[in-house]
Amino acid sequence: MTGEFASTKTKALTPANVIVAVVILAVLVGSCLFAWSATQTTGGGLMAVVHDSDGKTHELPLDHDTQLTVTTDEGTNVIAVQNGEVVMVDADCDGHDCIQQGAISAPGTQIICLPHQLWIEIVEDGQAQGEMNVEATPETQQFDTLAR
């Protein structure tokens, strides 16, 4: 037989080739399991902790859709857990900055309503909750001079 395929030889399966194949397969399976487990923890074991100006805390598991209305002397906020995320859906504060912050779901992220001295943090179930000492002042402070 002549031509370009005539010099091609089949290689036998050596122990070194088997070891390399097993290592590559183990890395692929491990990567797939890691990626799968990361998708399974979204919302499971995570909790939204709502801290209000009266010093109360409200715990909302992210794996259960619910809505919470918090009313204090400072005002009213409506917080919702939807599809593993928490969002401020309504507030009677000026500016609605807390609503514009959007939804959060990762541990360590926060939504803050400074006029109502209310904040929400995402923690892993069983983890310590943070503390915040908020003193809202009625006068507006001008910070744009710092940016110039």
# chains A, B, ... in the order shown; residues from 1 in each chain; ligands from 1
call {"tool": "residues_around", "arguments": {"residues": "A:Ser53", "least_positions_apart": "4", "cutoff": "7 Å", "atoms": "only C-alpha atoms", "output": "ChimeraX atom specification"}}
result
/A:72,116-118
call {"tool": "residues_around", "arguments": {"residues": "stretch 86-88 of chain A", "least_positions_apart": "6", "cutoff": "8 Å", "atoms": "only C-alpha atoms", "output": "NGL selection string"}}
result
:A and (48 or 62 or 77-80 or 98-99 or 102-105 or 111)
call {"tool": "atom_distance", "arguments": {"atom1": "atom CA of A:Asp92", "atom2": "atom CA of A:Glu124"}}
result
29.3 Å
call {"tool": "closest_residue", "arguments": {"among": "A:Lys56, A:His64, A:Leu25, A:Ile112", "to": "A:Asn83", "atoms": "only C-alpha atoms"}}
result
A:His64
call {"tool": "atom_distance", "arguments": {"atom1": "atom CA of A:Cys113", "atom2": "atom CA of A:Val49"}}
result
13.7 Å
call {"tool": "closest_residue", "arguments": {"among": "A:Val70, A:Ala35, A:Val123, A:Val81", "to": "A:Asp52", "atoms": "only C-alpha atoms"}}
result
A:Val70
call {"tool": "select_by_dssp", "arguments": {"residues": "stretch 3-86 of chain A", "states": "strand (DSSP E)", "output": "PyMOL selection string"}}
result
chain A and resi 46-51+57-61+66-71+76-82+85-86
call {"tool": "select_by_dssp", "arguments": {"residues": "stretch 46-119 of chain A", "states": "alpha helix (DSSP H)", "output": "PDB file with all heavy atoms, in the first residue's frame"}}
result
ATOM      1  N   ASP A  97     -34.095  55.524  46.775  1.00  0.00           N
ATOM      2  CA  ASP A  97     -32.795  54.924  46.448  1.00  0.00           C
ATOM      3  C   ASP A  97     -32.763  53.437  46.788  1.00  0.00           C
ATOM      4  O   ASP A  97     -32.132  52.650  46.077  1.00  0.00           O
ATOM      5  CB  ASP A  97     -31.666  55.644  47.193  1.00  0.00           C
ATOM      6  CG  ASP A  97     -31.456  57.062  46.683  1.00  0.00           C
ATOM      7  OD1 ASP A  97     -31.815  57.344  45.521  1.00  0.00           O
ATOM      8  OD2 ASP A  97     -30.925  57.889  47.447  1.00  0.00           O
ATOM      9  N   CYS A  98     -33.446  53.045  47.848  1.00  0.00           N
ATOM     10  CA  CYS A  98     -33.457  51.639  48.252  1.00  0.00           C
ATOM     11  C   CYS A  98     -34.135  50.760  47.202  1.00  0.00           C
ATOM     12  O   CYS A  98     -33.718  49.624  46.971  1.00  0.00           O
ATOM     13  CB  CYS A  98     -34.120  51.471  49.613  1.00  0.00           C
ATOM     14  SG  CYS A  98     -35.766  52.199  49.742  1.00  0.00           S
ATOM     15  N   ILE A  99     -35.145  51.273  46.542  1.00  0.00           N
ATOM     16  CA  ILE A  99     -35.834  50.521  45.494  1.00  0.00           C
ATOM     17  C   ILE A  99     -34.939  50.420  44.259  1.00  0.00           C
ATOM     18  O   ILE A  99     -34.853  49.374  43.619  1.00  0.00           O
ATOM     19  CB  ILE A  99     -37.183  51.184  45.144  1.00  0.00           C
ATOM     20  CG1 ILE A  99     -38.119  51.127  46.355  1.00  0.00           C
ATOM     21  CG2 ILE A  99     -37.825  50.525  43.929  1.00  0.00           C
ATOM     22  CD1 ILE A  99     -39.396  51.929  46.199  1.00  0.00           C
ATOM     23  N   GLN A 100     -34.241  51.500  43.954  1.00  0.00           N
ATOM     24  CA  GLN A 100     -33.387  51.536  42.770  1.00  0.00           C
ATOM     25  C   GLN A 100     -32.145  50.662  42.907  1.00  0.00           C
ATOM     26  O   GLN A 100     -31.480  50.380  41.913  1.00  0.00           O
ATOM     27  CB  GLN A 100     -32.989  52.975  42.465  1.00  0.00           C
ATOM     28  CG  GLN A 100     -34.174  53.837  42.099  1.00  0.00           C
ATOM     29  CD  GLN A 100     -33.815  55.301  41.967  1.00  0.00           C
ATOM     30  OE1 GLN A 100     -32.653  55.665  41.912  1.00  0.00           O
ATOM     31  NE2 GLN A 100     -34.828  56.145  41.926  1.00  0.00           N
TER      32      GLN A 100
END
call {"tool": "closest_residue", "arguments": {"among": "A:Cys32, A:Ala21, A:Val27, A:Leu60", "to": "A:Leu46", "atoms": "only C-alpha atoms"}}
result
A:Leu60
call {"tool": "atom_distance", "arguments": {"atom1": "atom CA of A:Leu114", "atom2": "atom CA of A:Asp73"}}
result
13.5 Å
